[in-house]
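Below is target04.pdb, holding PDB, C-alpha atoms and all ligand atoms.
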```pdb
ATOM      1  CA  MET A 180     153.972   3.727 175.660
ATOM      2  CA  ALA A 181     156.829   4.619 173.277
ATOM      3  CA  ASP A 182     158.942   7.609 174.243
ATOM      4  CA  ASN A 183     159.076   9.287 170.846
ATOM      5  CA  GLU A 184     161.743  11.795 171.767
ATOM      6  CA  ALA A 185     163.996   9.081 173.213
ATOM      7  CA  ILE A 186     163.620   7.084 169.962
ATOM      8  CA  ARG A 187     164.354  10.166 167.856
ATOM      9  CA  ALA A 188     167.427  11.080 169.927
ATOM     10  CA  PHE A 189     168.753   7.506 169.808
ATOM     11  CA  GLU A 190     168.287   7.273 166.026
ATOM     12  CA  HIS A 191     169.769  10.714 165.457
ATOM     13  CA  ALA A 192     172.909   9.950 167.457
ATOM     14  CA  GLY A 193     173.288   6.590 165.715
ATOM     15  CA  TRP A 194     173.014   7.978 162.179
ATOM     16  CA  GLN A 195     175.250  10.936 162.940
ATOM     17  CA  ARG A 196     177.891   8.455 163.994
ATOM     18  CA  ALA A 197     177.312   6.046 161.085
ATOM     19  CA  ALA A 198     177.341   8.683 158.327
ATOM     20  CA  SER A 199     181.040   8.664 157.430
ATOM     21  CA  SER A 200     181.263   4.872 157.115
ATOM     22  CA  TYR A 201     177.727   4.238 155.818
ATOM     23  CA  GLU A 202     178.562   4.086 152.101
ATOM     24  CA  ALA A 203     181.221   1.398 152.520
ATOM     25  CA  SER A 204     179.195  -0.592 155.039
ATOM     26  CA  PHE A 205     175.408  -0.627 155.216
ATOM     27  CA  ALA A 206     174.732   1.097 151.893
ATOM     28  CA  THR A 207     176.062  -1.976 150.080
ATOM     29  CA  ALA A 208     172.835  -3.614 151.309
ATOM     30  CA  THR A 209     170.378  -0.706 151.044
ATOM     31  CA  ARG A 210     171.398   0.414 147.546
ATOM     32  CA  GLN A 211     170.397  -2.917 146.007
ATOM     33  CA  PHE A 212     166.702  -2.049 146.214
ATOM     34  CA  ILE A 213     166.767   1.468 144.755
ATOM     35  CA  PRO A 214     165.680   0.699 141.152
ATOM     36  CA  GLU A 215     162.596  -1.238 142.334
ATOM     37  CA  LEU A 216     161.723   1.479 144.845
ATOM     38  CA  LEU A 217     161.884   4.153 142.136
ATOM     39  CA  ASP A 218     159.806   1.971 139.801
ATOM     40  CA  ALA A 219     157.219   1.423 142.543
ATOM     41  CA  ALA A 220     156.799   5.201 142.891
ATOM     42  CA  ASP A 221     156.786   5.661 139.104
ATOM     43  CA  VAL A 222     159.793   7.979 139.256
ATOM     44  CA  ARG A 223     160.635   9.186 135.775
ATOM     45  CA  SER A 224     161.716  12.190 133.803
ATOM     46  CA  GLY A 225     159.992  15.450 134.653
ATOM     47  CA  ARG A 226     158.445  14.247 137.949
ATOM     48  CA  SER A 227     159.146  16.139 141.161
ATOM     49  CA  VAL A 228     160.381  13.711 143.793
ATOM     50  CA  LEU A 229     161.173  13.868 147.507
ATOM     51  CA  ASP A 230     163.573  11.294 149.010
ATOM     52  CA  VAL A 231     162.709  11.111 152.731
ATOM     53  CA  ALA A 232     165.426   9.911 155.158
ATOM     54  CA  CYS A 233     167.787  10.188 152.211
ATOM     55  CA  GLY A 234     171.048   9.474 154.060
ATOM     56  CA  PRO A 235     173.927  10.007 151.600
ATOM     57  CA  GLY A 236     171.410  10.567 148.800
ATOM     58  CA  PHE A 237     171.720   7.418 146.688
ATOM     59  CA  VAL A 238     167.983   7.210 146.002
ATOM     60  CA  ALA A 239     167.829  10.919 145.182
ATOM     61  CA  ALA A 240     170.736  10.422 142.776
ATOM     62  CA  GLY A 241     168.942   7.467 141.161
ATOM     63  CA  ALA A 242     165.846   9.627 140.675
ATOM     64  CA  ALA A 243     167.934  12.463 139.210
ATOM     65  CA  GLU A 244     169.516  10.002 136.766
ATOM     66  CA  ARG A 245     166.001   9.222 135.546
ATOM     67  CA  GLY A 246     165.492  12.912 134.814
ATOM     68  CA  ALA A 247     163.327  13.641 137.857
ATOM     69  CA  MET A 248     163.522  16.942 139.761
ATOM     70  CA  VAL A 249     164.526  15.727 143.177
ATOM     71  CA  ARG A 250     165.104  16.900 146.759
ATOM     72  CA  GLY A 251     166.453  14.826 149.600
ATOM     73  CA  LEU A 252     165.557  15.237 153.265
ATOM     74  CA  ASP A 253     167.233  13.833 156.354
ATOM     75  CA  PHE A 254     167.514  14.867 160.000
ATOM     76  CA  SER A 255     171.205  13.992 160.239
ATOM     77  CA  SER A 256     173.584  16.840 159.395
ATOM     78  CA  ALA A 257     176.404  14.316 159.018
ATOM     79  CA  MET A 258     174.443  12.294 156.450
ATOM     80  CA  LEU A 259     173.563  15.508 154.595
ATOM     81  CA  GLU A 260     177.211  16.555 154.524
ATOM     82  CA  VAL A 261     178.029  13.316 152.698
ATOM     83  CA  ALA A 262     174.991  13.705 150.407
ATOM     84  CA  ARG A 263     175.880  17.283 149.421
ATOM     85  CA  ALA A 264     179.520  16.410 148.775
ATOM     86  CA  ARG A 265     178.578  13.351 146.726
ATOM     87  CA  HIS A 266     175.726  14.873 144.707
ATOM     88  CA  PRO A 267     176.390  18.611 144.322
ATOM     89  CA  GLY A 268     173.593  19.031 141.751
ATOM     90  CA  ILE A 269     170.834  17.870 144.130
ATOM     91  CA  MET A 270     169.112  19.938 146.848
ATOM     92  CA  PHE A 271     169.217  18.356 150.290
ATOM     93  CA  ASP A 272     167.231  19.735 153.243
ATOM     94  CA  GLN A 273     167.667  19.075 156.919
ATOM     95  CA  GLY A 274     164.377  18.190 158.569
ATOM     96  CA  ASP A 275     162.306  15.555 160.283
ATOM     97  CA  ALA A 276     160.187  13.058 158.350
ATOM     98  CA  GLU A 277     157.356  13.638 160.831
ATOM     99  CA  ALA A 278     157.247  17.397 160.235
ATOM    100  CA  LEU A 279     157.878  18.072 156.552
ATOM    101  CA  SER A 280     158.252  21.767 155.821
ATOM    102  CA  TYR A 281     157.080  21.539 152.188
ATOM    103  CA  PRO A 282     153.745  22.941 151.004
ATOM    104  CA  ASP A 283     150.643  20.792 150.525
ATOM    105  CA  ASN A 284     150.185  19.102 147.117
ATOM    106  CA  HIS A 285     153.778  19.756 146.074
ATOM    107  CA  PHE A 286     155.518  16.554 144.852
ATOM    108  CA  ASP A 287     154.621  13.932 142.231
ATOM    109  CA  ALA A 288     156.344  11.170 144.190
ATOM    110  CA  VAL A 289     157.797  10.561 147.655
ATOM    111  CA  VAL A 290     160.187   7.680 148.271
ATOM    112  CA  SER A 291     161.973   6.424 151.367
ATOM    113  CA  ASN A 292     164.520   3.627 151.306
ATOM    114  CA  PHE A 293     164.862   1.976 154.732
ATOM    115  CA  GLY A 294     163.937   5.227 156.468
ATOM    116  CA  ILE A 295     160.307   5.134 157.593
ATOM    117  CA  HIS A 296     160.727   2.409 160.220
ATOM    118  CA  HIS A 297     163.347   4.529 161.989
ATOM    119  CA  VAL A 298     161.031   7.426 162.779
ATOM    120  CA  PRO A 299     159.188   7.263 166.098
ATOM    121  CA  GLN A 300     155.752   7.466 164.420
ATOM    122  CA  PRO A 301     155.879   6.073 160.864
ATOM    123  CA  ARG A 302     152.164   6.735 160.365
ATOM    124  CA  LEU A 303     152.685  10.401 161.122
ATOM    125  CA  ALA A 304     155.553  10.508 158.605
ATOM    126  CA  LEU A 305     153.334   8.812 156.007
ATOM    127  CA  SER A 306     150.483  11.250 156.600
ATOM    128  CA  GLN A 307     152.983  14.092 156.093
ATOM    129  CA  THR A 308     153.977  12.358 152.860
ATOM    130  CA  HIS A 309     150.315  12.243 151.838
ATOM    131  CA  ARG A 310     149.953  15.963 152.542
ATOM    132  CA  VAL A 311     152.929  17.023 150.406
ATOM    133  CA  LEU A 312     151.924  14.805 147.443
ATOM    134  CA  ARG A 313     149.792  16.081 144.607
ATOM    135  CA  SER A 314     146.554  14.288 143.856
ATOM    136  CA  GLY A 315     147.519  11.146 141.902
ATOM    137  CA  GLY A 316     151.068  11.267 143.285
ATOM    138  CA  SER A 317     152.859   8.103 144.380
ATOM    139  CA  VAL A 318     154.554   6.967 147.564
ATOM    140  CA  ALA A 319     156.895   3.983 147.953
ATOM    141  CA  PHE A 320     158.960   2.923 150.934
ATOM    142  CA  SER A 321     161.142  -0.041 151.828
ATOM    143  CA  ILE A 322     161.779  -1.811 155.104
ATOM    144  CA  TRP A 323     163.769  -4.956 155.858
ATOM    145  CA  ALA A 324     161.876  -8.238 155.724
ATOM    146  CA  ALA A 325     161.705 -10.412 158.847
ATOM    147  CA  PRO A 326     164.898 -12.317 159.760
ATOM    148  CA  ALA A 327     163.404 -15.605 158.471
ATOM    149  CA  ASP A 328     163.853 -14.156 154.957
ATOM    150  CA  ASN A 329     166.617 -11.721 155.765
ATOM    151  CA  ILE A 330     169.433 -14.114 156.466
ATOM    152  CA  ALA A 331     172.164 -11.571 157.243
ATOM    153  CA  TRP A 332     170.062 -10.375 160.201
ATOM    154  CA  LYS A 333     169.120 -13.928 161.195
ATOM    155  CA  LEU A 334     172.785 -14.970 161.313
ATOM    156  CA  VAL A 335     173.631 -12.106 163.659
ATOM    157  CA  PHE A 336     170.556 -12.488 165.882
ATOM    158  CA  ASP A 337     171.029 -16.261 166.169
ATOM    159  CA  ALA A 338     174.703 -15.821 167.067
ATOM    160  CA  ILE A 339     173.950 -13.197 169.715
ATOM    161  CA  ARG A 340     171.120 -15.318 171.123
ATOM    162  CA  ARG A 341     173.485 -18.293 171.415
ATOM    163  CA  CYS A 342     176.758 -16.604 172.419
ATOM    164  CA  GLY A 343     175.805 -13.127 173.667
ATOM    165  CA  ASP A 344     172.878 -11.262 175.177
ATOM    166  CA  MET A 345     169.893 -10.108 173.084
ATOM    167  CA  SER A 346     168.682  -7.918 175.952
ATOM    168  CA  ALA A 347     171.970  -6.040 176.396
ATOM    169  CA  SER A 348     171.141  -3.081 174.131
ATOM    170  CA  ARG A 349     169.951   0.095 175.817
ATOM    171  CA  ALA A 350     168.211   1.291 172.629
ATOM    172  CA  PRO A 351     164.584   2.320 173.128
ATOM    173  CA  ALA A 352     162.162  -0.034 171.348
ATOM    174  CA  PRO A 353     161.234   1.155 167.847
ATOM    175  CA  GLY A 354     158.075   3.191 167.684
ATOM    176  CA  GLY A 355     156.121   2.230 164.637
ATOM    177  CA  ALA A 356     155.549  -1.532 164.692
ATOM    178  CA  LEU A 357     156.216  -1.762 160.952
ATOM    179  CA  GLY A 358     157.093  -5.447 161.097
ATOM    180  CA  GLY A 359     155.640  -6.974 157.957
ATOM    181  CA  MET A 360     153.666  -6.448 154.803
ATOM    182  CA  SER A 361     150.284  -6.106 156.489
ATOM    183  CA  ASP A 362     151.669  -3.423 158.863
ATOM    184  CA  CYS A 363     153.076  -1.489 155.909
ATOM    185  CA  VAL A 364     149.804  -1.715 153.964
ATOM    186  CA  ALA A 365     147.797  -0.674 157.032
ATOM    187  CA  ALA A 366     150.137   2.261 157.647
ATOM    188  CA  LEU A 367     149.623   3.577 154.110
ATOM    189  CA  GLU A 368     145.860   3.032 154.384
ATOM    190  CA  SER A 369     145.668   4.950 157.634
ATOM    191  CA  ALA A 370     147.632   7.807 156.043
ATOM    192  CA  GLY A 371     144.918   8.022 153.346
ATOM    193  CA  PHE A 372     146.601   6.296 150.397
ATOM    194  CA  VAL A 373     144.792   4.117 147.850
ATOM    195  CA  GLY A 374     145.906   1.486 145.325
ATOM    196  CA  ILE A 375     148.289   0.003 147.901
ATOM    197  CA  GLU A 376     150.493  -2.987 147.123
ATOM    198  CA  SER A 377     153.428  -4.574 148.904
ATOM    199  CA  HIS A 378     155.944  -7.103 147.668
ATOM    200  CA  LYS A 379     159.121  -8.790 148.800
ATOM    201  CA  LEU A 380     162.418  -8.438 146.970
ATOM    202  CA  THR A 381     165.574 -10.400 147.552
ATOM    203  CA  GLY A 382     169.260  -9.666 147.143
ATOM    204  CA  LEU A 383     172.674 -10.934 148.175
ATOM    205  CA  TRP A 384     174.895  -9.058 150.587
ATOM    206  CA  ARG A 385     178.547  -9.882 149.953
ATOM    207  CA  GLN A 386     180.859  -9.904 152.961
ATOM    208  CA  THR A 387     184.275 -11.482 153.395
ATOM    209  CA  ASP A 388     183.267 -13.362 156.543
ATOM    210  CA  GLY A 389     181.321 -13.155 159.787
ATOM    211  CA  GLN A 390     183.598 -10.511 161.203
ATOM    212  CA  ALA A 391     183.088  -8.294 158.162
ATOM    213  CA  LEU A 392     179.294  -8.739 158.398
ATOM    214  CA  LEU A 393     179.315  -7.785 162.069
ATOM    215  CA  GLY A 394     181.629  -4.857 161.301
ATOM    216  CA  ALA A 395     179.358  -3.534 158.523
ATOM    217  CA  LEU A 396     176.329  -3.598 160.809
ATOM    218  CA  ARG A 397     178.292  -2.112 163.687
ATOM    219  CA  SER A 398     179.638   0.823 161.724
ATOM    220  CA  GLY A 399     176.738   1.443 159.328
ATOM    221  CA  THR A 400     173.568   1.223 161.409
ATOM    222  CA  ALA A 401     172.004   2.634 164.576
ATOM    223  CA  ARG A 402     169.884  -0.040 166.301
ATOM    224  CA  MET A 403     171.878  -3.092 165.197
ATOM    225  CA  ALA A 404     175.097  -1.252 166.099
ATOM    226  CA  ALA A 405     173.774  -0.642 169.606
ATOM    227  CA  LEU A 406     172.998  -4.347 170.016
ATOM    228  CA  ILE A 407     176.431  -5.425 168.777
ATOM    229  CA  GLU A 408     178.275  -2.842 170.855
ATOM    230  CA  ALA A 409     176.388  -3.874 173.981
ATOM    231  CA  GLN A 410     177.834  -7.403 173.804
ATOM    232  CA  ALA A 411     180.585  -8.266 176.249
ATOM    233  CA  PRO A 412     183.961  -7.961 174.471
ATOM    234  CA  GLU A 413     184.772 -11.573 175.324
ATOM    235  CA  ALA A 414     181.551 -12.752 173.585
ATOM    236  CA  ILE A 415     182.388 -11.153 170.229
ATOM    237  CA  SER A 416     184.776 -13.853 168.995
ATOM    238  CA  ALA A 417     182.210 -16.580 169.810
ATOM    239  CA  ILE A 418     179.515 -14.554 167.994
ATOM    240  CA  VAL A 419     181.761 -14.210 164.927
ATOM    241  CA  ALA A 420     182.631 -17.925 164.993
ATOM    242  CA  HIS A 421     178.923 -18.807 165.232
ATOM    243  CA  ILE A 422     178.114 -16.601 162.223
ATOM    244  CA  ASP A 423     180.957 -18.160 160.213
ATOM    245  CA  ARG A 424     179.743 -21.658 161.032
ATOM    246  CA  GLU A 425     176.097 -20.968 160.237
ATOM    247  CA  ALA A 426     176.973 -19.045 157.069
ATOM    248  CA  ALA A 427     178.984 -21.926 155.569
ATOM    249  CA  GLU A 428     176.296 -22.616 152.961
ATOM    250  CA  PHE A 429     176.609 -19.030 151.647
ATOM    251  CA  ARG A 430     180.400 -19.173 151.179
ATOM    252  CA  ASN A 431     182.031 -19.198 147.759
ATOM    253  CA  ALA A 432     185.544 -18.431 146.509
ATOM    254  CA  ASP A 433     185.030 -14.681 147.120
ATOM    255  CA  GLY A 434     183.623 -14.945 150.634
ATOM    256  CA  LEU A 435     179.984 -14.868 151.762
ATOM    257  CA  ALA A 436     176.973 -14.045 149.560
ATOM    258  CA  ILE A 437     174.232 -13.768 152.164
ATOM    259  CA  PRO A 438     170.541 -13.576 151.209
ATOM    260  CA  ILE A 439     168.793 -10.361 152.241
ATOM    261  CA  ALA A 440     165.189  -9.337 151.633
ATOM    262  CA  ALA A 441     163.205  -6.117 151.637
ATOM    263  CA  LEU A 442     159.520  -5.243 151.527
ATOM    264  CA  ILE A 443     158.532  -2.439 149.187
ATOM    265  CA  THR A 444     155.093  -0.971 149.772
ATOM    266  CA  HIS A 445     153.558   1.635 147.508
ATOM    267  CA  GLY A 446     150.337   3.519 146.945
ATOM    268  CA  ARG A 447     148.978   6.776 145.586
ATOM    269  CA  LYS A 448     147.092   9.821 146.745
ATOM    270  CA  ALA A 449     143.554   9.737 145.338
TER     271      ALA A 449
HETATM  272  C1  LIG B 501     169.173   3.148 156.939
HETATM  273  S1  LIG B 501     169.457   4.845 156.620
HETATM  274  C2  LIG B 501     168.770   4.937 154.968
HETATM  275  C3  LIG B 501     169.487   5.970 154.125
HETATM  276  C4  LIG B 501     169.145   5.944 152.653
HETATM  277  N1  LIG B 501     167.728   6.181 152.431
HETATM  278  C5  LIG B 501     169.583   4.685 151.934
HETATM  279  O1  LIG B 501     168.841   4.244 151.055
HETATM  280  O2  LIG B 501     170.648   4.151 152.205
HETATM  281  C6  LIG B 501     168.217   5.644 157.583
HETATM  282  C7  LIG B 501     168.223   7.151 157.416
HETATM  283  O3  LIG B 501     167.039   7.658 158.056
HETATM  284  C8  LIG B 501     167.365   8.910 158.614
HETATM  285  N2  LIG B 501     166.312   9.215 159.606
HETATM  286  C9  LIG B 501     165.971   8.467 160.674
HETATM  287  N3  LIG B 501     164.970   9.065 161.358
HETATM  288  C10 LIG B 501     164.656  10.202 160.684
HETATM  289  C11 LIG B 501     163.691  11.222 160.883
HETATM  290  N4  LIG B 501     162.844  11.196 161.929
HETATM  291  N5  LIG B 501     163.629  12.239 159.984
HETATM  292  C12 LIG B 501     164.485  12.283 158.935
HETATM  293  N6  LIG B 501     165.440  11.342 158.711
HETATM  294  C13 LIG B 501     165.510  10.312 159.569
HETATM  295  C14 LIG B 501     168.756   8.692 159.171
HETATM  296  O4  LIG B 501     169.440   9.883 159.440
HETATM  297  C15 LIG B 501     169.398   7.863 158.061
HETATM  298  O5  LIG B 501     170.040   8.689 157.120
END
```

Using structure tokens, write down the structure from this file.
Amino acid sequence: MADNEAIRAFEHAGWQRAASSYEASFATATRQFIPELLDAADVRSGRSVLDVACGPGFVAAGAAERGAMVRGLDFSSAMLEVARARHPGIMFDQGDAEALSYPDNHFDAVVSNFGIHHVPQPRLALSQTHRVLRSGGSVAFSIWAAPADNIAWKLVFDAIRRCGDMSASRAPAPGGALGGMSDCVAALESAGFVGIESHKLTGLWRQTDGQALLGALRSGTARMAALIEAQAPEAISAIVAHIDREAAEFRNADGLAIPIAALITHGRKA
């Protein structure tokens, strides 16, 4: 059985550490999907919106640009420090996605960009989301697609499998089993949502080379960082060389343009 508090503590430590380098590293991947996420939750002028697991607040800022009244929530004080400095006009609250402190029936929309799969119990977080939404309100969340579609991840996993050790990480296994579209749909259904749809979106993540890709994941994530850092130092150069070799087809004059893919799942409160 998953140890929820061990997962929460691992994630918290990882995001606290990643916060200062997140914008220049991992956010160059996560930010690509913000417009579609906001569309999926019908975020527009005059709507009250909560951005759960907001990190540095890029989704909240996107919602504010649309004229929405927005709050961001994250459990990492370091992420919130960046968010508040970057977006002084937006309210950011420290709290846990599984225990929202907002009243029932409060928001018109709740969004979460690559946040829900990090909480120990995503279904609990989604039922909290359902509680704080008004009747007719919308939810939308994104997760990464499986490595078969998400080539940046595939390159790193394949290289570690071949040249390193996939079992080296001491990270606790993730809690929520949100692996694919059907898991995401089922999670929203079990939280009480209706009108649920899920779709895949693709993007390109630009990195100079394999070393830069590994560096972005190492400095801007929690779970992937733990896997990379757990590799023996002498294996890293072979891992980088493997990524560079396998990524040859994605190279152009500017470096690598690596396919990435996200699943966006949305629904509404009846
Ligand atoms: C991959 S980042 C996503 C940040 C941002 N939404 C974006 O689009 O870039 C994951 C975020 O989830 C937050 N997080 C993870 N578990 C959480 C929890 N249980 N409650 C609140 N925030 C959480 C982390 O602190 C981190 O900021």

Fill in: Residues within 6 Å of ligand LIG 501 (chain B), counting all atoms listed in the file, as a PyMOL selection string
chain A and resi 190+194+206+209-210+232-234+238+253-255+258+274-276+291-294+297-298

Worksheet item: Mind telling me what the PyMOL selection byres (((chain A and resi 337-351) around 8) and not hetatm) catches here, as a list of chain:residue names?
Response: A:Asp182, A:Ala185, A:Ile186, A:Phe189, A:Lys333, A:Leu334, A:Val335, A:Phe336, A:Ala352, A:Pro353, A:Arg402, A:Ala405, A:Leu406, A:Ile407, A:Glu408, A:Ala409, A:Gln410, A:Ala411, A:Ala414, A:Ile415, A:Ala417, A:Ile418, A:Val419, A:His421, A:Ile422

Radius query 8 Å about (158.8, 6.8, 164.6), atoms used: all atoms listed in the file, as a JSON list (two decimals) with C-alpha atoms, in the coordinates of the input:
```
[["chain", "number", "residue", "atom", "x", "y", "z"],
["A", 183, "ASN", "CA", 159.08, 9.29, 170.85],
["A", 186, "ILE", "CA", 163.62, 7.08, 169.96],
["A", 187, "ARG", "CA", 164.35, 10.17, 167.86],
["A", 277, "GLU", "CA", 157.36, 13.64, 160.83],
["A", 295, "ILE", "CA", 160.31, 5.13, 157.59],
["A", 296, "HIS", "CA", 160.73, 2.41, 160.22],
["A", 297, "HIS", "CA", 163.35, 4.53, 161.99],
["A", 298, "VAL", "CA", 161.03, 7.43, 162.78],
["A", 299, "PRO", "CA", 159.19, 7.26, 166.10],
["A", 300, "GLN", "CA", 155.75, 7.47, 164.42],
["A", 301, "PRO", "CA", 155.88, 6.07, 160.86],
["A", 302, "ARG", "CA", 152.16, 6.74, 160.36],
["A", 303, "LEU", "CA", 152.68, 10.40, 161.12],
["A", 304, "ALA", "CA", 155.55, 10.51, 158.60],
["A", 353, "PRO", "CA", 161.23, 1.16, 167.85],
["A", 354, "GLY", "CA", 158.07, 3.19, 167.68],
["A", 355, "GLY", "CA", 156.12, 2.23, 164.64]]
```

Practice prompt. Report as JSON, numbers by chain the full result of the PyMOL selection byres (((chain A and resi 313) around 6) and not hetatm) when it is applied to this structure.
Written response: {"A": [284, 285, 286, 287, 312, 314, 316]}

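Atom pair atom CA of Gln307 of chain A / atom CA of Leu357 of chain A has a distance of 16.9 Å (rounded to one decimal).
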
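Residues selected in this file by the PyMOL selection byres (((chain A and resi 270) around 9) and not hetatm) comprise Val249, Arg250, Gly251, Leu252, Arg263, His266, Pro267, Gly268, Ile269, Phe271 and Asp272 of chain A.
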